[in-house]
Structure formats: structure tokens, C-alpha cells
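Listing of my_file-v9.cif, mmCIF, C-alpha atoms and all ligand atoms
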data_input
loop_
_atom_site.group_PDB
_atom_site.id
_atom_site.type_symbol
_atom_site.label_atom_id
_atom_site.label_comp_id
_atom_site.auth_asym_id
_atom_site.auth_seq_id
_atom_site.Cartn_x
_atom_site.Cartn_y
_atom_site.Cartn_z
ATOM 1 C CA MET M 1 1.955 -24.353 -15.661
ATOM 2 C CA LYS M 2 1.716 -24.797 -11.913
ATOM 3 C CA LYS M 3 -1.616 -23.664 -10.561
ATOM 4 C CA GLU M 4 -1.271 -20.867 -8.018
ATOM 5 C CA LYS M 5 -3.288 -20.661 -4.824
ATOM 6 C CA ILE M 6 -3.091 -17.321 -3.110
ATOM 7 C CA LEU M 7 -3.473 -16.265 0.539
ATOM 8 C CA ILE M 8 -4.028 -12.604 1.399
ATOM 9 C CA ILE M 9 -3.231 -11.696 5.009
ATOM 10 C CA GLY M 10 -4.870 -8.419 6.027
ATOM 11 C CA ALA M 11 -7.557 -8.617 3.342
ATOM 12 C CA GLY M 12 -9.900 -6.328 5.291
ATOM 13 C CA GLY M 13 -7.669 -3.258 4.924
ATOM 14 C CA GLN M 14 -7.651 -0.480 2.359
ATOM 15 C CA ILE M 15 -5.497 -2.387 -0.145
ATOM 16 C CA GLY M 16 -6.613 -5.889 0.832
ATOM 17 C CA VAL M 17 -10.275 -5.588 -0.118
ATOM 18 C CA GLU M 18 -9.573 -4.355 -3.640
ATOM 19 C CA LEU M 19 -6.623 -6.675 -4.159
ATOM 20 C CA ALA M 20 -8.740 -9.679 -3.136
ATOM 21 C CA LEU M 21 -11.435 -8.697 -5.633
ATOM 22 C CA ALA M 22 -8.881 -8.133 -8.401
ATOM 23 C CA LEU M 23 -6.878 -11.310 -7.738
ATOM 24 C CA ARG M 24 -10.093 -13.326 -7.734
ATOM 25 C CA SER M 25 -11.017 -11.998 -11.138
ATOM 26 C CA VAL M 26 -7.573 -12.982 -12.475
ATOM 27 C CA TYR M 27 -6.985 -16.333 -10.724
ATOM 28 C CA GLY M 28 -10.552 -17.455 -9.946
ATOM 29 C CA THR M 29 -12.499 -16.936 -6.730
ATOM 30 C CA ASP M 30 -11.661 -20.312 -5.198
ATOM 31 C CA ASN M 31 -7.940 -19.800 -5.749
ATOM 32 C CA VAL M 32 -7.744 -16.698 -3.545
ATOM 33 C CA VAL M 33 -8.198 -17.154 0.202
ATOM 34 C CA ALA M 34 -8.806 -13.833 1.944
ATOM 35 C CA SER M 35 -7.982 -13.526 5.646
ATOM 36 C CA ASP M 36 -8.004 -10.870 8.318
ATOM 37 C CA ILE M 37 -8.130 -10.610 12.093
ATOM 38 C CA LYS M 38 -11.671 -9.209 11.701
ATOM 39 C CA GLU M 39 -14.870 -10.584 10.228
ATOM 40 C CA ALA M 40 -15.045 -10.284 6.444
ATOM 41 C CA HIS M 41 -15.403 -6.782 4.967
ATOM 42 C CA PRO M 42 -18.892 -6.411 3.420
ATOM 43 C CA MET M 43 -17.423 -6.662 -0.104
ATOM 44 C CA LEU M 44 -15.724 -9.964 0.744
ATOM 45 C CA LYS M 45 -18.541 -11.478 2.792
ATOM 46 C CA ASP M 46 -19.890 -14.702 1.251
ATOM 47 C CA ALA M 47 -17.870 -13.857 -1.853
ATOM 48 C CA GLY M 48 -15.209 -16.586 -1.693
ATOM 49 C CA PRO M 49 -12.904 -18.429 0.705
ATOM 50 C CA TYR M 50 -12.336 -16.459 3.917
ATOM 51 C CA ALA M 51 -10.501 -17.167 7.170
ATOM 52 C CA ILE M 52 -10.094 -15.275 10.420
ATOM 53 C CA LEU M 53 -6.333 -15.034 10.905
ATOM 54 C CA ASN M 54 -4.064 -12.995 13.163
ATOM 55 C CA ALA M 55 -0.983 -12.100 11.070
ATOM 56 C CA MET M 56 1.189 -12.577 14.205
ATOM 57 C CA ASP M 57 0.001 -16.142 14.754
ATOM 58 C CA ALA M 58 2.643 -18.229 12.976
ATOM 59 C CA PRO M 59 1.202 -21.685 13.766
ATOM 60 C CA ALA M 60 -2.263 -20.670 12.525
ATOM 61 C CA THR M 61 -0.760 -19.127 9.367
ATOM 62 C CA LEU M 62 1.257 -22.261 8.657
ATOM 63 C CA GLU M 63 -1.771 -24.452 9.236
ATOM 64 C CA LEU M 64 -3.836 -22.387 6.794
ATOM 65 C CA ILE M 65 -1.056 -22.432 4.167
ATOM 66 C CA ARG M 66 -0.847 -26.231 4.387
ATOM 67 C CA LYS M 67 -4.583 -26.863 4.598
ATOM 68 C CA GLU M 68 -5.337 -24.709 1.554
ATOM 69 C CA GLY M 69 -2.262 -25.715 -0.461
ATOM 70 C CA ILE M 70 -1.173 -22.059 -0.680
ATOM 71 C CA THR M 71 1.620 -21.225 -3.147
ATOM 72 C CA GLN M 72 1.688 -17.389 -2.936
ATOM 73 C CA VAL M 73 1.081 -15.028 -0.004
ATOM 74 C CA TYR M 74 0.302 -11.312 -0.003
ATOM 75 C CA LEU M 75 1.033 -9.943 3.493
ATOM 76 C CA LEU M 76 -0.789 -6.641 3.911
ATOM 77 C CA ALA M 77 -1.405 -6.505 7.677
ATOM 78 C CA ALA M 78 0.418 -3.529 9.257
ATOM 79 C CA LEU M 79 0.071 -0.504 11.488
ATOM 80 C CA LEU M 80 0.520 2.637 9.358
ATOM 81 C CA SER M 81 2.455 5.834 10.004
ATOM 82 C CA ALA M 82 0.116 7.827 12.261
ATOM 83 C CA THR M 83 -1.121 4.868 14.338
ATOM 84 C CA GLY M 84 2.433 3.571 14.630
ATOM 85 C CA GLU M 85 3.616 6.755 16.343
ATOM 86 C CA LYS M 86 1.064 6.227 19.130
ATOM 87 C CA ASP M 87 2.564 2.862 20.103
ATOM 88 C CA PRO M 88 5.937 2.428 18.382
ATOM 89 C CA LYS M 89 6.912 -0.908 19.955
ATOM 90 C CA ARG M 90 3.609 -2.472 19.028
ATOM 91 C CA ALA M 91 3.908 -1.181 15.452
ATOM 92 C CA TRP M 92 7.426 -2.610 15.208
ATOM 93 C CA ASP M 93 6.298 -5.989 16.601
ATOM 94 C CA ILE M 94 3.278 -6.300 14.308
ATOM 95 C CA ASN M 95 5.025 -5.083 11.170
ATOM 96 C CA MET M 96 8.242 -7.058 11.656
ATOM 97 C CA GLN M 97 7.107 -10.281 13.293
ATOM 98 C CA SER M 98 4.429 -10.907 10.699
ATOM 99 C CA LEU M 99 6.994 -10.453 7.913
ATOM 100 C CA LEU M 100 9.907 -12.409 9.408
ATOM 101 C CA GLN M 101 7.812 -15.440 10.255
ATOM 102 C CA LEU M 102 6.264 -15.415 6.770
ATOM 103 C CA LEU M 103 9.700 -15.220 5.123
ATOM 104 C CA ASP M 104 10.694 -18.332 7.102
ATOM 105 C CA MET M 105 7.494 -20.084 6.040
ATOM 106 C CA GLY M 106 8.189 -19.049 2.466
ATOM 107 C CA VAL M 107 11.521 -20.878 2.537
ATOM 108 C CA GLN M 108 10.209 -23.858 4.502
ATOM 109 C CA GLU M 109 7.022 -24.351 2.463
ATOM 110 C CA LYS M 110 8.716 -23.439 -0.842
ATOM 111 C CA LEU M 111 6.198 -20.709 -1.644
ATOM 112 C CA SER M 112 6.552 -19.574 -5.246
ATOM 113 C CA LYS M 113 6.159 -15.849 -4.420
ATOM 114 C CA ILE M 114 5.482 -13.462 -1.539
ATOM 115 C CA TYR M 115 4.227 -9.885 -1.843
ATOM 116 C CA TRP M 116 4.897 -7.389 0.930
ATOM 117 C CA PRO M 117 4.186 -3.660 0.543
ATOM 118 C CA SER M 118 6.668 -0.943 1.379
ATOM 119 C CA SER M 119 5.994 2.781 1.358
ATOM 120 C CA ILE M 120 7.291 6.284 0.655
ATOM 121 C CA ALA M 121 7.574 6.342 4.468
ATOM 122 C CA VAL M 122 11.013 4.703 4.133
ATOM 123 C CA PHE M 123 12.266 8.165 3.157
ATOM 124 C CA GLY M 124 12.982 10.840 5.742
ATOM 125 C CA PRO M 125 13.927 14.502 6.106
ATOM 126 C CA THR M 126 17.485 13.913 4.841
ATOM 127 C CA THR M 127 16.249 12.366 1.562
ATOM 128 C CA PRO M 128 16.039 14.653 -1.517
ATOM 129 C CA HIS M 129 12.327 15.546 -1.560
ATOM 130 C CA HIS M 130 11.830 16.274 -5.261
ATOM 131 C CA ASN M 131 11.869 13.341 -7.680
ATOM 132 C CA THR M 132 13.227 11.103 -4.956
ATOM 133 C CA PRO M 133 15.307 8.429 -6.704
ATOM 134 C CA GLN M 134 15.116 4.674 -6.222
ATOM 135 C CA GLN M 135 18.485 4.660 -4.485
ATOM 136 C CA THR M 136 19.150 7.598 -2.211
ATOM 137 C CA VAL M 137 19.679 8.608 1.422
ATOM 138 C CA ILE M 138 17.192 6.606 3.491
ATOM 139 C CA GLU M 139 16.824 7.651 7.141
ATOM 140 C CA PRO M 140 13.166 7.196 8.137
ATOM 141 C CA ARG M 141 11.981 9.000 11.278
ATOM 142 C CA THR M 142 8.705 7.172 11.924
ATOM 143 C CA VAL M 143 8.521 3.668 13.342
ATOM 144 C CA TYR M 144 6.399 2.716 10.336
ATOM 145 C CA GLY M 145 9.143 3.912 7.976
ATOM 146 C CA ILE M 146 11.828 2.155 10.020
ATOM 147 C CA SER M 147 9.853 -1.094 9.888
ATOM 148 C CA LYS M 148 9.302 -0.772 6.134
ATOM 149 C CA TYR M 149 12.966 -0.113 5.407
ATOM 150 C CA ALA M 150 14.122 -2.930 7.686
ATOM 151 C CA GLY M 151 11.540 -5.161 6.007
ATOM 152 C CA GLU M 152 12.853 -4.301 2.541
ATOM 153 C CA LEU M 153 16.335 -5.303 3.649
ATOM 154 C CA TRP M 154 15.020 -8.588 5.065
ATOM 155 C CA CYS M 155 13.175 -9.324 1.810
ATOM 156 C CA GLN M 156 16.374 -8.672 -0.136
ATOM 157 C CA TYR M 157 18.315 -10.859 2.313
ATOM 158 C CA TYR M 158 15.921 -13.799 2.004
ATOM 159 C CA HIS M 159 16.110 -13.561 -1.757
ATOM 160 C CA GLN M 160 19.885 -13.464 -1.808
ATOM 161 C CA ARG M 161 20.360 -16.117 0.892
ATOM 162 C CA TRP M 162 17.514 -18.553 0.143
ATOM 163 C CA GLY M 163 16.332 -17.627 -3.329
ATOM 164 C CA LEU M 164 12.903 -16.623 -2.026
ATOM 165 C CA ASP M 165 10.943 -14.616 -4.623
ATOM 166 C CA VAL M 166 9.682 -11.705 -2.499
ATOM 167 C CA ARG M 167 8.463 -8.618 -4.355
ATOM 168 C CA SER M 168 7.618 -5.181 -3.028
ATOM 169 C CA LEU M 169 6.483 -1.668 -3.969
ATOM 170 C CA ARG M 170 6.956 1.641 -2.173
ATOM 171 C CA TYR M 171 3.366 2.857 -2.417
ATOM 172 C CA PRO M 172 2.590 6.551 -2.238
ATOM 173 C CA GLY M 173 -0.619 7.640 -0.447
ATOM 174 C CA LEU M 174 -3.429 5.483 -1.823
ATOM 175 C CA ILE M 175 -6.860 6.861 -2.633
ATOM 176 C CA SER M 176 -9.834 4.545 -2.835
ATOM 177 C CA TRP M 177 -13.604 4.508 -2.527
ATOM 178 C CA LYS M 178 -14.363 0.790 -1.964
ATOM 179 C CA SER M 179 -12.444 0.445 1.282
ATOM 180 C CA ALA M 180 -11.396 3.032 3.858
ATOM 181 C CA PRO M 181 -7.819 3.797 4.862
ATOM 182 C CA GLY M 182 -6.835 3.673 8.522
ATOM 183 C CA GLY M 183 -4.083 5.342 10.495
ATOM 184 C CA GLY M 184 -2.108 6.905 7.632
ATOM 185 C CA THR M 185 -0.752 10.423 7.107
ATOM 186 C CA THR M 186 -2.117 10.501 3.570
ATOM 187 C CA ASP M 187 -5.665 9.548 4.643
ATOM 188 C CA TYR M 188 -6.839 13.163 4.368
ATOM 189 C CA ALA M 189 -6.928 12.736 0.591
ATOM 190 C CA VAL M 190 -9.646 10.095 0.979
ATOM 191 C CA GLU M 191 -11.616 11.772 3.790
ATOM 192 C CA ILE M 192 -11.827 14.973 1.785
ATOM 193 C CA TYR M 193 -13.953 13.321 -0.937
ATOM 194 C CA HIS M 194 -16.375 11.822 1.595
ATOM 195 C CA GLU M 195 -16.750 15.165 3.398
ATOM 196 C CA ALA M 196 -17.087 17.118 0.160
ATOM 197 C CA LEU M 197 -20.089 15.017 -0.808
ATOM 198 C CA LYS M 198 -21.667 14.869 2.661
ATOM 199 C CA HIS M 199 -20.955 18.288 4.201
ATOM 200 C CA LYS M 200 -19.448 20.405 1.397
ATOM 201 C CA LYS M 201 -16.566 21.304 3.696
ATOM 202 C CA TYR M 202 -13.436 19.698 5.105
ATOM 203 C CA THR M 203 -10.829 20.540 7.722
ATOM 204 C CA SER M 204 -7.470 19.190 6.615
ATOM 205 C CA PHE M 205 -4.999 17.863 9.197
ATOM 206 C CA LEU M 206 -2.177 18.833 6.812
ATOM 207 C CA SER M 207 -1.381 22.427 5.822
ATOM 208 C CA GLU M 208 -2.469 23.800 2.457
ATOM 209 C CA ASP M 209 0.873 23.416 0.688
ATOM 210 C CA SER M 210 1.837 19.950 1.950
ATOM 211 C CA TYR M 211 2.736 18.144 -1.266
ATOM 212 C CA LEU M 212 2.782 14.360 -1.123
ATOM 213 C CA PRO M 213 2.996 11.605 -3.744
ATOM 214 C CA MET M 214 -0.387 9.919 -4.244
ATOM 215 C CA MET M 215 -2.015 7.217 -6.374
ATOM 216 C CA TYR M 216 -5.508 6.048 -7.237
ATOM 217 C CA MET M 217 -6.165 2.522 -5.979
ATOM 218 C CA ASP M 218 -6.930 1.137 -9.461
ATOM 219 C CA ASP M 219 -3.368 1.982 -10.504
ATOM 220 C CA ALA M 220 -1.903 0.547 -7.296
ATOM 221 C CA ILE M 221 -3.762 -2.757 -7.690
ATOM 222 C CA ARG M 222 -2.892 -3.108 -11.368
ATOM 223 C CA GLY M 223 0.755 -2.255 -10.600
ATOM 224 C CA THR M 224 0.874 -4.839 -7.813
ATOM 225 C CA ILE M 225 -0.463 -7.619 -10.021
ATOM 226 C CA GLU M 226 1.814 -6.585 -12.908
ATOM 227 C CA LEU M 227 4.813 -6.656 -10.571
ATOM 228 C CA MET M 228 3.867 -10.121 -9.313
ATOM 229 C CA GLU M 229 3.349 -11.453 -12.828
ATOM 230 C CA ALA M 230 6.528 -9.970 -14.298
ATOM 231 C CA PRO M 231 9.117 -12.551 -15.380
ATOM 232 C CA ILE M 232 11.710 -13.111 -12.676
ATOM 233 C CA GLU M 233 14.564 -11.857 -14.842
ATOM 234 C CA GLN M 234 12.944 -8.401 -14.856
ATOM 235 C CA MET M 235 13.255 -8.189 -11.045
ATOM 236 C CA LYS M 236 16.644 -6.571 -11.090
ATOM 237 C CA THR M 237 16.311 -4.991 -7.680
ATOM 238 C CA ARG M 238 15.154 -6.829 -4.591
ATOM 239 C CA MET M 239 14.522 -3.684 -2.593
ATOM 240 C CA ALA M 240 10.983 -2.320 -3.052
ATOM 241 C CA TYR M 241 10.364 -0.347 -6.244
ATOM 242 C CA ASN M 242 9.552 3.367 -6.139
ATOM 243 C CA LEU M 243 6.107 3.817 -7.685
ATOM 244 C CA SER M 244 4.598 7.116 -8.712
ATOM 245 C CA ALA M 245 1.500 8.588 -10.310
ATOM 246 C CA MET M 246 0.824 12.165 -9.115
ATOM 247 C CA SER M 247 1.635 14.677 -6.392
ATOM 248 C CA PHE M 248 -0.675 17.322 -4.972
ATOM 249 C CA SER M 249 -1.329 19.457 -1.904
ATOM 250 C CA PRO M 250 -4.567 19.799 0.108
ATOM 251 C CA LYS M 251 -5.143 23.158 -1.652
ATOM 252 C CA GLU M 252 -4.862 21.507 -5.075
ATOM 253 C CA ILE M 253 -7.121 18.554 -4.336
ATOM 254 C CA ALA M 254 -9.683 21.018 -2.926
ATOM 255 C CA ALA M 255 -9.522 22.996 -6.193
ATOM 256 C CA ALA M 256 -10.025 19.787 -8.196
ATOM 257 C CA ILE M 257 -13.120 18.968 -6.102
ATOM 258 C CA GLN M 258 -14.470 22.517 -6.517
ATOM 259 C CA LYS M 259 -14.659 21.939 -10.271
ATOM 260 C CA HIS M 260 -17.381 19.372 -9.487
ATOM 261 C CA ILE M 261 -18.780 20.884 -6.254
ATOM 262 C CA PRO M 262 -18.281 24.683 -6.502
ATOM 263 C CA GLU M 263 -19.625 25.362 -2.982
ATOM 264 C CA PHE M 264 -17.019 23.054 -1.365
ATOM 265 C CA THR M 265 -14.733 24.812 1.142
ATOM 266 C CA ILE M 266 -11.590 23.698 2.945
ATOM 267 C CA ASP M 267 -9.793 24.927 6.044
ATOM 268 C CA TYR M 268 -6.650 23.733 7.756
ATOM 269 C CA ALA M 269 -5.834 22.519 11.276
ATOM 270 C CA PRO M 270 -2.485 20.706 11.038
ATOM 271 C CA ASP M 271 -1.818 18.166 13.803
ATOM 272 C CA PHE M 272 1.036 15.736 14.632
ATOM 273 C CA ARG M 273 0.742 14.222 11.163
ATOM 274 C CA GLN M 274 2.126 17.439 9.641
ATOM 275 C CA GLN M 275 5.588 16.595 10.939
ATOM 276 C CA ILE M 276 5.396 13.114 9.389
ATOM 277 C CA ALA M 277 4.312 14.580 6.034
ATOM 278 C CA ASP M 278 7.096 17.190 6.154
ATOM 279 C CA GLY M 279 9.675 14.399 6.346
ATOM 280 C CA TRP M 280 8.406 12.573 3.256
ATOM 281 C CA PRO M 281 9.138 13.180 -0.444
ATOM 282 C CA LYS M 282 7.001 15.586 -2.448
ATOM 283 C CA SER M 283 7.467 13.622 -5.654
ATOM 284 C CA ILE M 284 8.950 10.268 -6.589
ATOM 285 C CA ASP M 285 11.149 9.161 -9.487
ATOM 286 C CA ASP M 286 9.970 5.695 -10.468
ATOM 287 C CA THR M 287 12.077 5.301 -13.632
ATOM 288 C CA THR M 288 13.439 1.982 -12.353
ATOM 289 C CA ALA M 289 9.966 0.390 -12.132
ATOM 290 C CA ARG M 290 9.069 1.858 -15.558
ATOM 291 C CA GLU M 291 12.239 0.411 -17.073
ATOM 292 C CA HIS M 292 12.360 -2.984 -15.335
ATOM 293 C CA TRP M 293 8.739 -4.123 -15.682
ATOM 294 C CA ASN M 294 7.006 -1.394 -17.726
ATOM 295 C CA TRP M 295 5.096 0.289 -14.921
ATOM 296 C CA LYS M 296 2.802 3.069 -16.145
ATOM 297 C CA HIS M 297 0.133 4.964 -14.188
ATOM 298 C CA GLU M 298 -3.222 5.932 -15.684
ATOM 299 C CA PHE M 299 -4.891 8.249 -13.180
ATOM 300 C CA ASP M 300 -3.982 11.881 -12.550
ATOM 301 C CA LEU M 301 -5.686 14.223 -10.078
ATOM 302 C CA GLU M 302 -8.512 15.238 -12.456
ATOM 303 C CA LYS M 303 -9.352 11.721 -13.569
ATOM 304 C CA MET M 304 -9.171 10.361 -10.024
ATOM 305 C CA THR M 305 -11.361 13.145 -8.634
ATOM 306 C CA ALA M 306 -14.066 12.446 -11.206
ATOM 307 C CA ALA M 307 -13.933 8.708 -10.424
ATOM 308 C CA MET M 308 -13.950 9.176 -6.642
ATOM 309 C CA LEU M 309 -16.881 11.599 -6.609
ATOM 310 C CA GLU M 310 -18.916 9.530 -9.053
ATOM 311 C CA ASN M 311 -18.400 6.237 -7.200
ATOM 312 C CA LEU M 312 -18.856 7.664 -3.703
ATOM 313 C CA ALA M 313 -22.032 9.524 -4.743
ATOM 314 C CA LYS M 314 -23.623 6.198 -5.740
ATOM 315 C CA GLY M 315 -23.292 4.981 -2.152
ATOM 316 C CA LEU M 316 -24.961 8.035 -0.551
HETATM 317 N N1 LIG C 401 -0.321 5.945 3.311
HETATM 318 C C1 LIG C 401 0.671 5.553 4.259
HETATM 319 C C2 LIG C 401 0.606 6.361 5.471
HETATM 320 O O1 LIG C 401 0.204 7.503 5.370
HETATM 321 C C3 LIG C 401 2.039 5.656 3.659
HETATM 322 O O2 LIG C 401 2.451 4.384 3.279
HETATM 323 O O3 LIG C 401 0.990 5.927 6.514
#

Let me see whether you can do it: turn the structure in this file into C-alpha cells.
Amino acid sequence: MKKEKILIIGAGGQIGVELALALRSVYGTDNVVASDIKEAHPMLKDAGPYAILNAMDAPATLELIRKEGITQVYLLAALLSATGEKDPKRAWDINMQSLLQLLDMGVQEKLSKIYWPSSIAVFGPTTPHHNTPQQTVIEPRTVYGISKYAGELWCQYYHQRWGLDVRSLRYPGLISWKSAPGGGTTDYAVEIYHEALKHKKYTSFLSEDSYLPMMYMDDAIRGTIELMEAPIEQMKTRMAYNLSAMSFSPKEIAAAIQKHIPEFTIDYAPDFRQQIADGWPKSIDDTTAREHWNWKHEFDLEKMTAAMLENLAKGL
């Protein structure tokens, strides 16, 4: 079997840190090169190969791929939904340029696989919001969602035209304790755990009944690696797969926290992110992923809340 050597671009972000740690435990530390535009995240510092890399810098990316003998790339660098709305052109440039140049490198350098994340943000207000199917009306209203949907189409195109093996998941909001999220509409569901432990209160930037699809990071990482390891004949769609675990509202996550911290209180001050959340699905139908490559989530709200509070409390 051909030995894989993996490059992660954007390894300092919320997904990147945990994915780097997980991929290293599967493929061996020296076979996973982590890179980011910033200095290494504390969990990745002196823990394996690391490079400073701007995801927009094609010559530097190509040089690194050749120098390290890279065979697979995970491209995670992106501006998320809330940050993207502050500077739409910049979000489009970063999210699209980094992908398109990597797809070209994938063909040119004959990479065996590329991973590129999509998001529930591809869906918009005209999409059915309950049990949103894999194939449905897709009219995103944020620049982040537009870039993710365009990116999915480009990934499909490169597969069909050049045979490039690009795989993708439409992640729901991701909840993690090792690394912090940044610039997303679903970030409240991470902040709330930190604030519950530190201050026993939280002001949510989404209203109490704003349901959104969410997932614990352990499930997201396992799902990503399972997708990438699935035999190619199971990849029967080349658009990103819907992926689902749970859905809850700020009121419900607060109630789950109160079972552990009874004095915890929540109040609500919705801001511009409310409108983004209102355009997204409330729950996702991921039957296609479950059927094609046996996706199965493990964490629900109760189990995730116990894990988040326990792990975050250790760091206080
Ligand atoms: N968590 C992301 C965001 O809120 C969605 O992909 O932007």
C-alpha cells in the first residue's frame, strides 16, 4: 500500500487542531505536516512537523507539497459566516482562491485525496428547514454559504473532469473544548460552556428558540477520517455530504448545563447573527452519508454537555 503523507492547511483553527492530533495518531506524527498562517497552536507546538503557510500563497503551498512529498491535503483555512459578512469580498477571495489553486495542484501533483469542508451554511431561507435533505433547494444568503456551495460544485467538477478524489462534509455547528471557534454563527454553543464554568451566566447572541444543527467535535473528527478512508466506490455523490448529530436551541443547551450547574442563568441579546441563523436549517437529514459510508454519530446534547464541562473544568 502506498504510504500517505498528509498536509493540513489551517491547522490552527477549531477543526484543524483536533484533526491534526487525530490524523497523527492514525498515520504517525511524522506523516502529518500541520500548517497555518500563525505560529503553532499550543497543542501542536513541538509536537510534530509544522510550517507557517498562507493558504492563499500557491507557490509556497506547492513548494511545501513537493518538499514534504505530500500525497493528501486537508484544506481547512476559511473565513466563517459571521466574519465573512463583515468583509464579503475578502471572504470570497480567501475561501475560493485557496480551494481553486489547491484543486489545480491536486491534478498537477497527482494528489491521492483532498479534503475540503462544507457547511450547513450552503442552505438558505428557501430551503426546507426541518430534516433538510441532501438534495434540495440551495440558495445561500451569506457570502460564506455562497463560497461553500460554489466550492462544492468546483470539487464535483474537478472529480468529474480530472478524476480528482476530493471529499467533503456539510458540518453543522461544531462544539469543542481543545480549540476555540472563531467567527461563526454557531459559536455561542461553545462560549456558553466557558461562561457557565467561569461566571455562571451567559448572554446569548441568538434568541432562546433558535434551533440549529450541532455536533460534538469528536464525532466530526471521526466522521471526517471515516469519510476519507471509505473505499472510493462508496463515494456516490461528489457534492458534500449532509452530516447530522443533534439539534438544540440556546434555551435547551442552557437547561442541559443547569443539570450540572443549577445556578447557571442565561439571557438573550440577539445581534446580526440572528438573521444568519434564521436562514439555516433546524435539523438535517443525513441518510445519504449513513447509507453510503455508514456514518453514525455518538454524542447527543446530554453526553456532549457532560464531556464539555468535565474537560473545560480541568483547564480552569
Ligand atoms: N459553524 C459555522 C458558522 O457558524 C457553520 O459552518 O459559520

Each side padded by 8 Å, which centre and which edge lengths in Å (one decimal) define the axis-aligned box around the listed atoms of ligand LIG 401 (chain C)? Give them as lines of an AutoDock Vina configuration file.
center_x = 1.1
center_y = 5.9
center_z = 4.9
size_x = 18.8
size_y = 19.1
size_z = 19.2

_Which residues are near M:Asp218? Cut-off 9 Å, only C-alpha atoms, ignore same chain within fewer than 6 positions. Put them as a ChimeraX atom specification._
/M:18,175-176,298-299

Could you list, as a ChimeraX atom specification, all protein and nucleic acid residues with an atom at most 8 Å from ligand LIG 401 (chain C), counting all atoms listed in the file?
/M:80-82,118-121,144,170-174,181,183-187

Best match for closeness to M:His41 among M:Val73, M:Ala313, M:Leu62, M:Ala11, counting all atoms listed in the file: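 Comparing M:Val73, M:Ala313, M:Leu62, M:Ala11 against M:His41, the winner is M:Ala11.
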
_Restricting the calculation to only C-alpha atoms: of M:Gln135, M:Thr142, M:Thr265, M:Ser98, which residue gets closest to M:Lys251?_
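Among the listed residues, M:Thr265 lies closest to M:Lys251.
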
Q.
Just want the 6 Å neighbourhood of M:Tyr149, counted on all atoms listed in the file, with same-chain residues fewer than 3 positions away dropped. Output as a list in words.
A.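 Residues meeting the cut-off are Val122, Ile146 and Glu152 of chain M.
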
Hey, what's within 8 Å of M:Ala55 if we count all atoms listed in the file and toss same-chain stuff fewer than 6 positions away? As a list of chain:residue names, please? M:Ile9, M:Gly10, M:Asp36, M:Ile37, M:Thr61, M:Ala77, M:Ile94, M:Ser98

Q. Got a sec to resolve the PyMOL selection byres (((chain M and resi 213) around 6) and not hetatm) on this structure and send the residues as an NGL selection string?
A. :M and (172 or 212 or 214 or 246-247 or 282-283)

Exercise. Identify which of the residues M:Pro88, M:Pro231, M:Pro262, M:Gly16 lies closest to M:Leu197, counting all atoms listed in the file when measuring atom-to-atom distances.
Key: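 Closest to M:Leu197 of all the choices is M:Pro262.
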
### Task
Show which residues sit within 10 Å of M:Ile221, as a ChimeraX atom specification. Count only C-alpha atoms, and ignore same-chain residues fewer than 2 positions away.
/M:15-16,18-23,216-219,223-227

Using all atoms listed in the file, the residue out of M:Asp209, M:Leu243, M:Glu195, M:Glu4 with shortest distance to M:Pro117 is M:Leu243

Report, in Å with one decimal, the straight-line distance from atom CA of M:His297 to atom CA of M:Lys236.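 Calculated distance between atom CA of M:His297 and atom CA of M:Lys236 is 20.4 Å.
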
- Query: Which of these, M:Lys296, M:Pro270, M:Ile70, M:Val137, has the shortest distance to M:Arg222 once you count all atoms listed in the file?
  - Reply: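 Result for the nearest residue to M:Arg222: M:Lys296.
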
Exercise. Please measure the separation of atom CA of M:Ser112 and atom CA of M:Leu164, giving the value in Å to one decimal.
Key: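 Atom-to-atom, atom CA of M:Ser112 and atom CA of M:Leu164 are spaced 7.7 Å apart.
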
Take the PyMOL selection byres (((chain M and resi 116) around 8) and not hetatm), run it mentally on this structure, and tell me the resulting residues as a ChimeraX atom specification. /M:74-76,99,114-115,117-118,166-169

**Message:** For the provided coordinates, the residues matched by the PyMOL selection byres (((chain M and resi 58) around 10) and not hetatm) should be stated as a PyMOL selection string.
**Reply:** chain M and resi 53-57+59-64+97-98+100-102+104-105

query: What is the atom CA of M:Glu39 to atom CA of M:Met228 distance in Å?
result: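 It comes out at 27.1 Å.
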
Using all atoms listed in the file, the shortest atom-to-atom distance to M:Thr288 among M:Ser244, M:Ser204, M:Gln134, M:Gln258 belongs to M:Gln134

### Message
Within 6 Å of (10.5, 14.1, -8.3) (file coordinates; all atoms listed in the file), which protein or nucleic acid residues are there? I'd like them as a list in words.
### Response
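Within the cut-off we find His130, Asn131, Thr132, Ser283, Ile284 and Asp285 of chain M.
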